[in-house]
Amino acid sequence: MGDLHAASTAALGLILAADPAVMGIVGLSLQVSLTAVLLAALVGLPLGALLAVTRFPGRQSVIVALNALMGLPPVVAGLLIYLLLSRSGPLGPLGLLFTPSAMVIAQAVLIAPILAALTRETLSGLWEEYAEQLRSFGAGPLRAVPTLLWDGRFALLTVLLAGFGRASAEVGAVMIVGGNIEGFTRVMTTAIALETSKGDLPLALALGLVLMGIVLAVNVLAQVLRSAASRWAG
Amino acid sequence: MRAPDTILPLCVEALRFAAGGVEILHGVSFTLEAGPPTVVIGPNGAGKSVLLRLLHGLLPPGGGAVRWATAPDRSAPRQAMVFQRPVLLRRSVMANVAYPLALAGIGPRERARRAEEALDLVGLSALADRPARRLSGGEQQRLALARAAALGPEVLFLDEPCASLDPSATRAVEEIVAALARRGTKIVMTTHDIGQARRLAGDVIFLHRGRVVERAPAARFFVAPETPEAAAFLQGELVW
Amino acid sequence: MVTLRRGLLAMVPAMAARAASAQERTITVASTTSTEQSGLFGHILPLFTRETGIVVRVVALGTGQALDVGRRGDADVVFVHDREAEERFVAEGFGGPRHHVMYNDFVLIGPAADPARIAGLRNITEAMRRIAEARARFVSRGDRSGTHAAELRLWQLAGVDPTQGRGQWNREVGQGMGPTLNAAAAQGAYVLADRGTWLSFRNRQDLRILAEGDERLFNQYGVMVVSAARHPHVKAAEARRFVEWLTSPTGQTAIAGYRVKGEQLFFPNADRPEPARPS
């Protein structure tokens, strides 16, 4: 109980003091995770929409594979990307290992299947409603993809938030490919892991509270946007 | 004024359709010409909605043929359809009307002109910027009509457009349909509402248990039906 | 006009500096959790950067992993503490030559209750033997780190086969020093730790140092530049500069100057033969 109290006091202190090191870590966390969500969305959203509207042999297997990839352990994803990006790996010449870019890639790989699977689920209902009307307009499944993505935009915001939550909470993969380098690739989660291993549990917990606060703030913001917008659109 | 490359007449030959092993249409044949509205009437379950979807190409025939005067790639863009429950995009009223115009490859300026004209026709100009799905049921169906009308179709299919509307909204929709018919659009409409059929029909196709039982000009059909089934239906005795 | 031109002129070096810093003046050092977590790098690296303009990025891992990172060419310098493994690394041609930098020492930590009765022992092998005999709980790194290697060496010297007790009194956690100390604190177990990590470790519960001072507990650190012949992208010049600085009087003084709670953690010995080691 004393530890928890100390942690929340420390968390408050970290925020109020706006310590540049902590702010840098927070900033990098947001930058990496938001970029990863953006990248993953570029692939995951159209893929999910395509799976919602098309019927082809093997579609079911793709869906099962996506659902399985949602459970991909971050450490495994991290290791794979580590081996790819390592100087001795196929993408070694890019020199991306132990950089924020590597962390973005790792998080994007982790959440792209989540975004695709959730997008498919979200848009299948909409497609059921729209399919006949769109066919009457002469729009095939491919043309329906952008329409569904746009018309499902408010629901998809929730999908993006789920991706952001997973990305920003992830530690295993970014630890491996980022290296937790102070001032360069240290993000909230790896900082928490570091403070935990130093045995400074209150500080680790305080950083955790700050992280939760950030994720909460992003969610609240998105929710406010969403409800305002969907009140408009019905 | 008719486009020179008319897609009519439409010849329907021995059209069959089954779903889930149940035969819904048992060989339906008729011809549709340009002219006043053709109303497909019949009790619930007669196969009216399925027939309309087959004609519009939303369902593949199980047998027989739906033959337009031109090839399918020319005939499809000259048709439009409005459903019993309007499917409105989660966008503004104006954007809903503009959407199929954009799909048809019509440029922004012409798109705006046609959309405004169509909204004016259905009396929704004042609501152009409102979200479509916030409209009342009657307004939504009028918007669906405007969206179809903006495409300038030669043939417009209407599947029970007033089934879920109150009387005043029904009247508004009927007026729009009559206006479109006067402008030369061939209306093909299903309804189970005999009063509505009387008000709008030029000729009638009476569909019963998946067969065309009677085909007649409206003036004669409602006064002197030739078949006992039609007579029973008009007297309100044939519900199924 | 004049001010404008002066402003523009002032921007040029600033931009050039930024471009340069974005370019090449960084090196990646694969090192151990003990050096990073003890705070040593936080103390000495800013001094090095101020002097040379080279920014050092430290990836802190176990010694075995750090050497692997060097083998794959993912770091420019390896700075670790397991002499045998380091010499193998050099012999295999992955880098070198190896330089002594400093040493610190291990301490044997345990619960205040001290069920194996080792408190105050100076003879480390005797202490280890008593733990095994009492079958008192011992938490092992189990992660191929330098500390793990030291553990195993000490067990061998004590004539104990720790694999006999694996999963029972001897628990391998396969983690870094900090998590291992956390595990020991939670279980009231014995654990071998480097003094630096122990001093800066906060979650001690009732753990304390029970045995220390045996020279067989000395822990030598070595540093090597990764072979540019094998990995051409290695920033050899900057990496060599770092190694030179570490072993120079300036670097050695900086290392000696790092203290936690008044205690010196690392003892520079680049210019001296390393302390006697068991072999």
# chains A, B, ... in the order shown; residues from 1 in each chain; ligands from 1

call {"tool": "select_by_dssp", "arguments": {"residues": "segment 58-198 of chain C", "states": "alpha helix (DSSP H)", "output": "ChimeraX atom specification"}}
result
/C:63-71,83-91,124-134,146-157,177-187,195-198

call {"tool": "closest_atom_pairs", "arguments": {"of": "chain A", "to": "chain C", "cutoff": "9 Å", "atoms": "only C-alpha atoms", "output": "CSV"}}
result
residue,atom,partner,partner_atom,distance
A:Ser86,CA,C:Asp74,CA,6.1
A:Arg87,CA,C:Gly73,CA,5.5
A:Ser88,CA,C:Arg72,CA,5.3
A:Gly89,CA,C:Arg72,CA,8.4
A:Gly92,CA,C:Asp74,CA,8.7
A:Pro93,CA,C:His233,CA,8.4
A:Gly95,CA,C:Asp74,CA,8.5
A:Leu97,CA,C:Asp74,CA,7.2
A:Phe98,CA,C:Val59,CA,8.1
A:Gly178,CA,C:Val59,CA,8.5
A:Gly179,CA,C:Val59,CA,5.1
A:Asn180,CA,C:Val59,CA,6.5
A:Ile181,CA,C:Val58,CA,5.5
A:Glu182,CA,C:Arg57,CA,7.2
A:Gly183,CA,C:Arg57,CA,8.5
A:Phe184,CA,C:Arg57,CA,7.6
A:Leu194,CA,C:Gln37,CA,8.1
A:Glu195,CA,C:Gly178,CA,8.7
A:Thr196,CA,C:Pro179,CA,7.2
A:Ser197,CA,C:Gly178,CA,3.8
A:Lys198,CA,C:Gly178,CA,5.0
A:Gly199,CA,C:Asn203,CA,4.5
A:Asp200,CA,C:Arg202,CA,5.2
A:Leu201,CA,C:Asn203,CA,6.9

call {"tool": "closest_residue", "arguments": {"among": "B:Pro217, B:Pro77, B:Gly202, B:Pro108", "to": "Gly152 of chain B", "atoms": "only C-alpha atoms"}}
result
B:Pro77

call {"tool": "residues_around", "arguments": {"residues": "Ala119 of chain C", "least_positions_apart": "6", "cutoff": "12 Å", "atoms": "only C-alpha atoms", "output": "list in words"}}
result
Val107, Leu108, Ile109, Gly110, Pro111, Ala112, Ala113, Glu126, Ala127, Met128, Arg130, Ile131, Tyr190, Leu207, Arg208, Ile209, Leu210, Ala211 and Glu212 of chain C

call {"tool": "residues_around", "arguments": {"residues": "Ser8 of chain A", "least_positions_apart": "4", "cutoff": "12 Å", "atoms": "only C-alpha atoms", "output": "JSON, numbers by chain"}}
result
{"A": [1, 2, 3, 4, 12, 13, 14, 15, 201, 202, 203, 204, 205, 206, 207, 208, 209, 210, 212, 213]}

call {"tool": "write_last_selection", "arguments": {"atoms": "N, CA, C and O atoms", "output": "PDB file, in the first residue's frame"}}
result
ATOM      1  N   MET A   1       0.847  -1.198   0.000  1.00  0.00           N
ATOM      2  CA  MET A   1       0.000   0.000   0.000  1.00  0.00           C
ATOM      3  C   MET A   1       0.874   1.236   0.000  1.00  0.00           C
ATOM      4  O   MET A   1       0.672   2.175  -0.752  1.00  0.00           O
ATOM      5  N   GLY A   2       1.929   1.216   0.826  1.00  0.00           N
ATOM      6  CA  GLY A   2       2.870   2.322   0.872  1.00  0.00           C
ATOM      7  C   GLY A   2       3.525   2.525  -0.476  1.00  0.00           C
ATOM      8  O   GLY A   2       3.702   3.659  -0.929  1.00  0.00           O
ATOM      9  N   ASP A   3       3.878   1.406  -1.138  1.00  0.00           N
ATOM     10  CA  ASP A   3       4.511   1.479  -2.454  1.00  0.00           C
ATOM     11  C   ASP A   3       3.595   2.154  -3.465  1.00  0.00           C
ATOM     12  O   ASP A   3       4.024   2.988  -4.251  1.00  0.00           O
ATOM     13  N   LEU A   4       2.305   1.776  -3.425  1.00  0.00           N
ATOM     14  CA  LEU A   4       1.362   2.344  -4.381  1.00  0.00           C
ATOM     15  C   LEU A   4       1.226   3.840  -4.159  1.00  0.00           C
ATOM     16  O   LEU A   4       1.182   4.617  -5.106  1.00  0.00           O
ATOM     17  N   LEU A  12       2.847  11.779 -10.163  1.00  0.00           N
ATOM     18  CA  LEU A  12       2.406  13.166 -10.203  1.00  0.00           C
ATOM     19  C   LEU A  12       3.616  14.086 -10.293  1.00  0.00           C
ATOM     20  O   LEU A  12       3.647  15.045 -11.079  1.00  0.00           O
ATOM     21  N   GLY A  13       4.643  13.757  -9.489  1.00  0.00           N
ATOM     22  CA  GLY A  13       5.860  14.557  -9.491  1.00  0.00           C
ATOM     23  C   GLY A  13       6.503  14.578 -10.868  1.00  0.00           C
ATOM     24  O   GLY A  13       6.921  15.624 -11.362  1.00  0.00           O
ATOM     25  N   LEU A  14       6.554  13.398 -11.520  1.00  0.00           N
ATOM     26  CA  LEU A  14       7.175  13.299 -12.848  1.00  0.00           C
ATOM     27  C   LEU A  14       6.468  14.212 -13.837  1.00  0.00           C
ATOM     28  O   LEU A  14       7.091  14.880 -14.654  1.00  0.00           O
ATOM     29  N   ILE A  15       5.126  14.220 -13.736  1.00  0.00           N
ATOM     30  CA  ILE A  15       4.358  15.009 -14.700  1.00  0.00           C
ATOM     31  C   ILE A  15       4.532  16.491 -14.407  1.00  0.00           C
ATOM     32  O   ILE A  15       4.788  17.298 -15.300  1.00  0.00           O
ATOM     33  N   LEU A 201      10.984  -0.002  -7.767  1.00  0.00           N
ATOM     34  CA  LEU A 201       9.611  -0.323  -8.129  1.00  0.00           C
ATOM     35  C   LEU A 201       8.687   0.886  -8.103  1.00  0.00           C
ATOM     36  O   LEU A 201       7.856   1.034  -8.991  1.00  0.00           O
ATOM     37  N   PRO A 202       8.813   1.780  -7.119  1.00  0.00           N
ATOM     38  CA  PRO A 202       7.921   2.946  -7.154  1.00  0.00           C
ATOM     39  C   PRO A 202       8.092   3.782  -8.423  1.00  0.00           C
ATOM     40  O   PRO A 202       7.106   4.198  -9.035  1.00  0.00           O
ATOM     41  N   LEU A 203       9.356   3.998  -8.849  1.00  0.00           N
ATOM     42  CA  LEU A 203       9.579   4.788 -10.059  1.00  0.00           C
ATOM     43  C   LEU A 203       9.014   4.063 -11.277  1.00  0.00           C
ATOM     44  O   LEU A 203       8.385   4.662 -12.153  1.00  0.00           O
ATOM     45  N   ALA A 204       9.230   2.729 -11.324  1.00  0.00           N
ATOM     46  CA  ALA A 204       8.700   1.939 -12.438  1.00  0.00           C
ATOM     47  C   ALA A 204       7.179   2.065 -12.493  1.00  0.00           C
ATOM     48  O   ALA A 204       6.592   2.286 -13.551  1.00  0.00           O
ATOM     49  N   LEU A 205       6.563   1.955 -11.324  1.00  0.00           N
ATOM     50  CA  LEU A 205       5.112   2.043 -11.250  1.00  0.00           C
ATOM     51  C   LEU A 205       4.639   3.446 -11.640  1.00  0.00           C
ATOM     52  O   LEU A 205       3.628   3.613 -12.328  1.00  0.00           O
ATOM     53  N   ALA A 206       5.413   4.442 -11.215  1.00  0.00           N
ATOM     54  CA  ALA A 206       5.051   5.820 -11.536  1.00  0.00           C
ATOM     55  C   ALA A 206       5.082   6.027 -13.043  1.00  0.00           C
ATOM     56  O   ALA A 206       4.167   6.620 -13.622  1.00  0.00           O
ATOM     57  N   LEU A 207       6.142   5.519 -13.689  1.00  0.00           N
ATOM     58  CA  LEU A 207       6.207   5.622 -15.151  1.00  0.00           C
ATOM     59  C   LEU A 207       5.026   4.887 -15.783  1.00  0.00           C
ATOM     60  O   LEU A 207       4.456   5.341 -16.770  1.00  0.00           O
ATOM     61  N   GLY A 208       4.669   3.746 -15.179  1.00  0.00           N
ATOM     62  CA  GLY A 208       3.516   2.994 -15.672  1.00  0.00           C
ATOM     63  C   GLY A 208       2.243   3.815 -15.580  1.00  0.00           C
ATOM     64  O   GLY A 208       1.427   3.817 -16.507  1.00  0.00           O
ATOM     65  N   LEU A 209       2.101   4.545 -14.475  1.00  0.00           N
ATOM     66  CA  LEU A 209       0.910   5.383 -14.319  1.00  0.00           C
ATOM     67  C   LEU A 209       0.902   6.488 -15.366  1.00  0.00           C
ATOM     68  O   LEU A 209      -0.140   6.813 -15.936  1.00  0.00           O
ATOM     69  N   VAL A 210       2.080   7.067 -15.622  1.00  0.00           N
ATOM     70  CA  VAL A 210       2.161   8.107 -16.652  1.00  0.00           C
ATOM     71  C   VAL A 210       1.743   7.525 -18.008  1.00  0.00           C
ATOM     72  O   VAL A 210       0.958   8.122 -18.746  1.00  0.00           O
ATOM     73  N   MET A 212      -0.177   4.941 -18.587  1.00  0.00           N
ATOM     74  CA  MET A 212      -1.616   4.709 -18.600  1.00  0.00           C
ATOM     75  C   MET A 212      -2.369   6.020 -18.771  1.00  0.00           C
ATOM     76  O   MET A 212      -3.388   6.085 -19.468  1.00  0.00           O
ATOM     77  N   GLY A 213      -1.846   7.068 -18.155  1.00  0.00           N
ATOM     78  CA  GLY A 213      -2.469   8.380 -18.291  1.00  0.00           C
ATOM     79  C   GLY A 213      -2.476   8.838 -19.741  1.00  0.00           C
ATOM     80  O   GLY A 213      -3.481   9.360 -20.240  1.00  0.00           O
TER      81      GLY A 213
END

call {"tool": "atom_distance", "arguments": {"atom1": "atom CA of Gly71 of chain A", "atom2": "atom CA of Leu126 of chain A"}}
result
25.9 Å

call {"tool": "select_by_dssp", "arguments": {"residues": "segment 95-255 of chain C", "states": "strand (DSSP E or B)", "output": "PDB file with N, CA and C atoms, in the first residue's frame"}}
result
ATOM      1  N   GLY C  95      36.708  -9.417 -33.509  1.00  0.00           N
ATOM      2  CA  GLY C  95      37.118  -8.089 -33.054  1.00  0.00           C
ATOM      3  C   GLY C  95      38.381  -8.188 -32.248  1.00  0.00           C
ATOM      4  N   HIS C  99      41.300  -5.074 -24.528  1.00  0.00           N
ATOM      5  CA  HIS C  99      42.000  -4.225 -23.555  1.00  0.00           C
ATOM      6  C   HIS C  99      41.345  -4.361 -22.198  1.00  0.00           C
ATOM      7  N   HIS C 100      42.190  -4.441 -21.155  1.00  0.00           N
ATOM      8  CA  HIS C 100      41.642  -4.343 -19.802  1.00  0.00           C
ATOM      9  C   HIS C 100      41.179  -2.923 -19.567  1.00  0.00           C
ATOM     10  N   VAL C 101      40.077  -2.768 -18.863  1.00  0.00           N
ATOM     11  CA  VAL C 101      39.616  -1.424 -18.551  1.00  0.00           C
ATOM     12  C   VAL C 101      39.565  -1.209 -17.044  1.00  0.00           C
ATOM     13  N   MET C 102      38.917  -2.128 -16.361  1.00  0.00           N
ATOM     14  CA  MET C 102      38.656  -1.900 -14.940  1.00  0.00           C
ATOM     15  C   MET C 102      38.166  -3.216 -14.340  1.00  0.00           C
ATOM     16  N   TYR C 103      38.059  -3.237 -13.044  1.00  0.00           N
ATOM     17  CA  TYR C 103      37.398  -4.371 -12.431  1.00  0.00           C
ATOM     18  C   TYR C 103      36.489  -3.871 -11.328  1.00  0.00           C
ATOM     19  N   ASN C 104      35.544  -4.693 -11.018  1.00  0.00           N
ATOM     20  CA  ASN C 104      34.787  -4.443  -9.796  1.00  0.00           C
ATOM     21  C   ASN C 104      34.732  -5.791  -9.109  1.00  0.00           C
ATOM     22  N   ASP C 105      33.889  -5.969  -8.128  1.00  0.00           N
ATOM     23  CA  ASP C 105      33.851  -7.287  -7.513  1.00  0.00           C
ATOM     24  C   ASP C 105      32.422  -7.743  -7.286  1.00  0.00           C
ATOM     25  N   PHE C 106      32.315  -9.055  -7.167  1.00  0.00           N
ATOM     26  CA  PHE C 106      31.029  -9.648  -6.852  1.00  0.00           C
ATOM     27  C   PHE C 106      30.875  -9.720  -5.345  1.00  0.00           C
ATOM     28  N   VAL C 107      29.653  -9.723  -4.921  1.00  0.00           N
ATOM     29  CA  VAL C 107      29.382  -9.933  -3.501  1.00  0.00           C
ATOM     30  C   VAL C 107      28.327 -11.025  -3.397  1.00  0.00           C
ATOM     31  N   LEU C 108      28.403 -11.798  -2.323  1.00  0.00           N
ATOM     32  CA  LEU C 108      27.408 -12.843  -2.108  1.00  0.00           C
ATOM     33  C   LEU C 108      26.362 -12.269  -1.163  1.00  0.00           C
ATOM     34  N   ILE C 109      25.148 -12.248  -1.664  1.00  0.00           N
ATOM     35  CA  ILE C 109      24.044 -11.598  -0.958  1.00  0.00           C
ATOM     36  C   ILE C 109      23.117 -12.678  -0.428  1.00  0.00           C
ATOM     37  N   GLY C 110      22.481 -12.412   0.703  1.00  0.00           N
ATOM     38  CA  GLY C 110      21.523 -13.387   1.208  1.00  0.00           C
ATOM     39  C   GLY C 110      20.604 -12.742   2.217  1.00  0.00           C
ATOM     40  N   PRO C 111      19.621 -13.496   2.669  1.00  0.00           N
ATOM     41  CA  PRO C 111      18.656 -12.961   3.634  1.00  0.00           C
ATOM     42  C   PRO C 111      19.298 -12.788   5.008  1.00  0.00           C
ATOM     43  N   PHE C 138      18.993 -20.578  -3.714  1.00  0.00           N
ATOM     44  CA  PHE C 138      19.955 -19.731  -4.410  1.00  0.00           C
ATOM     45  C   PHE C 138      19.358 -19.367  -5.773  1.00  0.00           C
ATOM     46  N   VAL C 139      19.351 -18.067  -6.087  1.00  0.00           N
ATOM     47  CA  VAL C 139      18.814 -17.645  -7.389  1.00  0.00           C
ATOM     48  C   VAL C 139      19.974 -17.374  -8.334  1.00  0.00           C
ATOM     49  N   SER C 140      19.957 -18.063  -9.474  1.00  0.00           N
ATOM     50  CA  SER C 140      21.037 -17.943 -10.448  1.00  0.00           C
ATOM     51  C   SER C 140      20.580 -17.111 -11.636  1.00  0.00           C
ATOM     52  N   ARG C 166      19.118 -27.981  -9.404  1.00  0.00           N
ATOM     53  CA  ARG C 166      18.365 -27.120 -10.313  1.00  0.00           C
ATOM     54  C   ARG C 166      16.862 -27.350 -10.155  1.00  0.00           C
ATOM     55  N   ASN C 170      18.354 -24.516  -6.211  1.00  0.00           N
ATOM     56  CA  ASN C 170      19.025 -23.645  -7.166  1.00  0.00           C
ATOM     57  C   ASN C 170      18.061 -23.262  -8.275  1.00  0.00           C
ATOM     58  N   ARG C 171      17.712 -21.997  -8.327  1.00  0.00           N
ATOM     59  CA  ARG C 171      16.701 -21.579  -9.300  1.00  0.00           C
ATOM     60  C   ARG C 171      17.300 -20.644 -10.334  1.00  0.00           C
ATOM     61  N   GLU C 172      17.289 -21.075 -11.591  1.00  0.00           N
ATOM     62  CA  GLU C 172      17.782 -20.222 -12.670  1.00  0.00           C
ATOM     63  C   GLU C 172      16.633 -19.376 -13.192  1.00  0.00           C
ATOM     64  N   TYR C 190      19.703 -16.635  -1.540  1.00  0.00           N
ATOM     65  CA  TYR C 190      21.072 -16.184  -1.778  1.00  0.00           C
ATOM     66  C   TYR C 190      21.230 -15.862  -3.249  1.00  0.00           C
ATOM     67  N   VAL C 191      22.152 -14.932  -3.553  1.00  0.00           N
ATOM     68  CA  VAL C 191      22.377 -14.553  -4.940  1.00  0.00           C
ATOM     69  C   VAL C 191      23.752 -13.901  -5.055  1.00  0.00           C
ATOM     70  N   LEU C 192      24.418 -14.180  -6.173  1.00  0.00           N
ATOM     71  CA  LEU C 192      25.698 -13.538  -6.450  1.00  0.00           C
ATOM     72  C   LEU C 192      25.427 -12.324  -7.327  1.00  0.00           C
ATOM     73  N   ALA C 193      25.953 -11.160  -6.911  1.00  0.00           N
ATOM     74  CA  ALA C 193      25.683  -9.943  -7.676  1.00  0.00           C
ATOM     75  C   ALA C 193      26.946  -9.119  -7.787  1.00  0.00           C
ATOM     76  N   ASP C 194      27.001  -8.283  -8.844  1.00  0.00           N
ATOM     77  CA  ASP C 194      28.118  -7.350  -8.896  1.00  0.00           C
ATOM     78  C   ASP C 194      27.811  -6.201  -7.945  1.00  0.00           C
ATOM     79  N   LEU C 207      17.504  -8.400   2.188  1.00  0.00           N
ATOM     80  CA  LEU C 207      18.772  -8.905   1.660  1.00  0.00           C
ATOM     81  C   LEU C 207      19.930  -8.032   2.123  1.00  0.00           C
ATOM     82  N   ARG C 208      21.095  -8.665   2.315  1.00  0.00           N
ATOM     83  CA  ARG C 208      22.297  -7.892   2.633  1.00  0.00           C
ATOM     84  C   ARG C 208      23.525  -8.644   2.154  1.00  0.00           C
ATOM     85  N   ILE C 209      24.660  -7.948   2.131  1.00  0.00           N
ATOM     86  CA  ILE C 209      25.908  -8.617   1.756  1.00  0.00           C
ATOM     87  C   ILE C 209      26.325  -9.533   2.901  1.00  0.00           C
ATOM     88  N   LEU C 210      26.579 -10.822   2.570  1.00  0.00           N
ATOM     89  CA  LEU C 210      26.985 -11.755   3.620  1.00  0.00           C
ATOM     90  C   LEU C 210      28.440 -12.177   3.462  1.00  0.00           C
ATOM     91  N   ALA C 211      28.920 -12.229   2.213  1.00  0.00           N
ATOM     92  CA  ALA C 211      30.317 -12.606   2.023  1.00  0.00           C
ATOM     93  C   ALA C 211      30.910 -11.743   0.934  1.00  0.00           C
ATOM     94  N   PHE C 218      36.860 -10.971  -7.815  1.00  0.00           N
ATOM     95  CA  PHE C 218      37.138  -9.842  -8.698  1.00  0.00           C
ATOM     96  C   PHE C 218      36.618 -10.127 -10.094  1.00  0.00           C
ATOM     97  N   ASN C 219      36.212  -9.061 -10.746  1.00  0.00           N
ATOM     98  CA  ASN C 219      35.427  -9.162 -11.974  1.00  0.00           C
ATOM     99  C   ASN C 219      36.013  -8.200 -12.990  1.00  0.00           C
ATOM    100  N   GLN C 220      36.782  -8.755 -13.922  1.00  0.00           N
ATOM    101  CA  GLN C 220      37.528  -7.917 -14.861  1.00  0.00           C
ATOM    102  C   GLN C 220      36.690  -7.547 -16.079  1.00  0.00           C
ATOM    103  N   TYR C 221      36.729  -6.288 -16.455  1.00  0.00           N
ATOM    104  CA  TYR C 221      36.038  -5.822 -17.663  1.00  0.00           C
ATOM    105  C   TYR C 221      37.034  -5.630 -18.787  1.00  0.00           C
ATOM    106  N   GLY C 222      36.611  -6.023 -19.992  1.00  0.00           N
ATOM    107  CA  GLY C 222      37.452  -5.826 -21.157  1.00  0.00           C
ATOM    108  C   GLY C 222      36.675  -5.123 -22.253  1.00  0.00           C
ATOM    109  N   VAL C 223      37.408  -4.473 -23.148  1.00  0.00           N
ATOM    110  CA  VAL C 223      36.745  -3.761 -24.229  1.00  0.00           C
ATOM    111  C   VAL C 223      37.420  -4.113 -25.554  1.00  0.00           C
ATOM    112  N   MET C 224      36.618  -4.238 -26.605  1.00  0.00           N
ATOM    113  CA  MET C 224      37.133  -4.615 -27.923  1.00  0.00           C
ATOM    114  C   MET C 224      36.393  -3.852 -29.006  1.00  0.00           C
ATOM    115  N   VAL C 225      37.120  -3.446 -30.048  1.00  0.00           N
ATOM    116  CA  VAL C 225      36.476  -2.879 -31.231  1.00  0.00           C
ATOM    117  C   VAL C 225      36.050  -4.050 -32.120  1.00  0.00           C
ATOM    118  N   VAL C 226      34.828  -3.975 -32.650  1.00  0.00           N
ATOM    119  CA  VAL C 226      34.353  -5.032 -33.540  1.00  0.00           C
ATOM    120  C   VAL C 226      35.118  -4.949 -34.858  1.00  0.00           C
TER     121      VAL C 226
END

call {"tool": "interface_residues", "arguments": {"of": "chain A", "to": "chain B", "cutoff": "10 Å", "atoms": "only C-alpha atoms", "output": "ChimeraX atom specification"}}
result
/A:126,129-139,143,147-148,150-154,230-234

call {"tool": "write_last_selection", "arguments": {"atoms": "C-alpha atoms", "output": "PDB file, in the first residue's frame"}}
result
ATOM      1  CA  LEU A 126     -21.584  -2.373 -42.980  1.00  0.00           C
ATOM      2  CA  GLU A 129     -26.031  -3.334 -45.348  1.00  0.00           C
ATOM      3  CA  TYR A 130     -24.431  -1.638 -48.371  1.00  0.00           C
ATOM      4  CA  ALA A 131     -23.685  -4.514 -50.738  1.00  0.00           C
ATOM      5  CA  GLU A 132     -26.917  -4.584 -52.725  1.00  0.00           C
ATOM      6  CA  GLN A 133     -27.184  -0.821 -53.052  1.00  0.00           C
ATOM      7  CA  LEU A 134     -23.554  -0.473 -54.143  1.00  0.00           C
ATOM      8  CA  ARG A 135     -23.983  -3.208 -56.722  1.00  0.00           C
ATOM      9  CA  SER A 136     -27.034  -1.390 -57.993  1.00  0.00           C
ATOM     10  CA  PHE A 137     -24.762   1.647 -58.453  1.00  0.00           C
ATOM     11  CA  GLY A 138     -22.366  -0.549 -60.390  1.00  0.00           C
ATOM     12  CA  ALA A 139     -19.676  -0.563 -57.697  1.00  0.00           C
ATOM     13  CA  ARG A 143     -14.623   0.047 -55.434  1.00  0.00           C
ATOM     14  CA  THR A 147     -16.444   3.602 -49.533  1.00  0.00           C
ATOM     15  CA  LEU A 148     -16.617   1.243 -46.555  1.00  0.00           C
ATOM     16  CA  TRP A 150     -14.829   6.142 -45.235  1.00  0.00           C
ATOM     17  CA  ASP A 151     -18.337   5.294 -44.070  1.00  0.00           C
ATOM     18  CA  GLY A 152     -16.980   3.146 -41.262  1.00  0.00           C
ATOM     19  CA  ARG A 153     -14.539   5.838 -40.154  1.00  0.00           C
ATOM     20  CA  PHE A 154     -15.990   6.343 -36.691  1.00  0.00           C
ATOM     21  CA  SER A 230     -21.214  10.000 -34.984  1.00  0.00           C
ATOM     22  CA  ARG A 231     -23.844  12.172 -33.376  1.00  0.00           C
ATOM     23  CA  TRP A 232     -23.549  14.111 -36.594  1.00  0.00           C
ATOM     24  CA  ALA A 233     -23.648  11.130 -38.923  1.00  0.00           C
ATOM     25  CA  GLY A 234     -26.172   8.906 -37.172  1.00  0.00           C
TER      26      GLY A 234
END

call {"tool": "residues_around", "arguments": {"residues": "segment 177-179 of chain B", "least_positions_apart": "5", "cutoff": "9 Å", "atoms": "only C-alpha atoms", "output": "PyMOL selection string"}}
result
chain B and resi 37+121+145+172+184+187+200

call {"tool": "write_last_selection", "arguments": {"atoms": "N, CA and C atoms", "output": "PDB file, in the first residue's frame"}}
result
ATOM      1  N   PRO B  37     -46.063   3.755 -65.652  1.00  0.00           N
ATOM      2  CA  PRO B  37     -45.522   2.795 -64.696  1.00  0.00           C
ATOM      3  C   PRO B  37     -46.149   1.407 -64.810  1.00  0.00           C
ATOM      4  N   LEU B 121     -36.165  18.323 -56.788  1.00  0.00           N
ATOM      5  CA  LEU B 121     -37.310  17.510 -57.223  1.00  0.00           C
ATOM      6  C   LEU B 121     -38.015  16.850 -56.036  1.00  0.00           C
ATOM      7  N   LEU B 145     -34.838   8.267 -53.597  1.00  0.00           N
ATOM      8  CA  LEU B 145     -35.419   8.524 -54.921  1.00  0.00           C
ATOM      9  C   LEU B 145     -34.606   9.582 -55.665  1.00  0.00           C
ATOM     10  N   ALA B 172     -46.152  11.786 -50.478  1.00  0.00           N
ATOM     11  CA  ALA B 172     -45.030  12.549 -51.026  1.00  0.00           C
ATOM     12  C   ALA B 172     -44.220  11.688 -51.996  1.00  0.00           C
ATOM     13  N   GLY B 184     -40.714  10.718 -68.315  1.00  0.00           N
ATOM     14  CA  GLY B 184     -40.290   9.703 -69.274  1.00  0.00           C
ATOM     15  C   GLY B 184     -39.503   8.559 -68.688  1.00  0.00           C
ATOM     16  N   ILE B 187     -41.080   3.443 -64.873  1.00  0.00           N
ATOM     17  CA  ILE B 187     -41.129   2.997 -63.488  1.00  0.00           C
ATOM     18  C   ILE B 187     -41.576   1.535 -63.443  1.00  0.00           C
ATOM     19  N   LEU B 200     -51.026   4.722 -59.257  1.00  0.00           N
ATOM     20  CA  LEU B 200     -49.820   4.932 -60.054  1.00  0.00           C
ATOM     21  C   LEU B 200     -49.757   4.114 -61.337  1.00  0.00           C
TER      22      LEU B 200
END
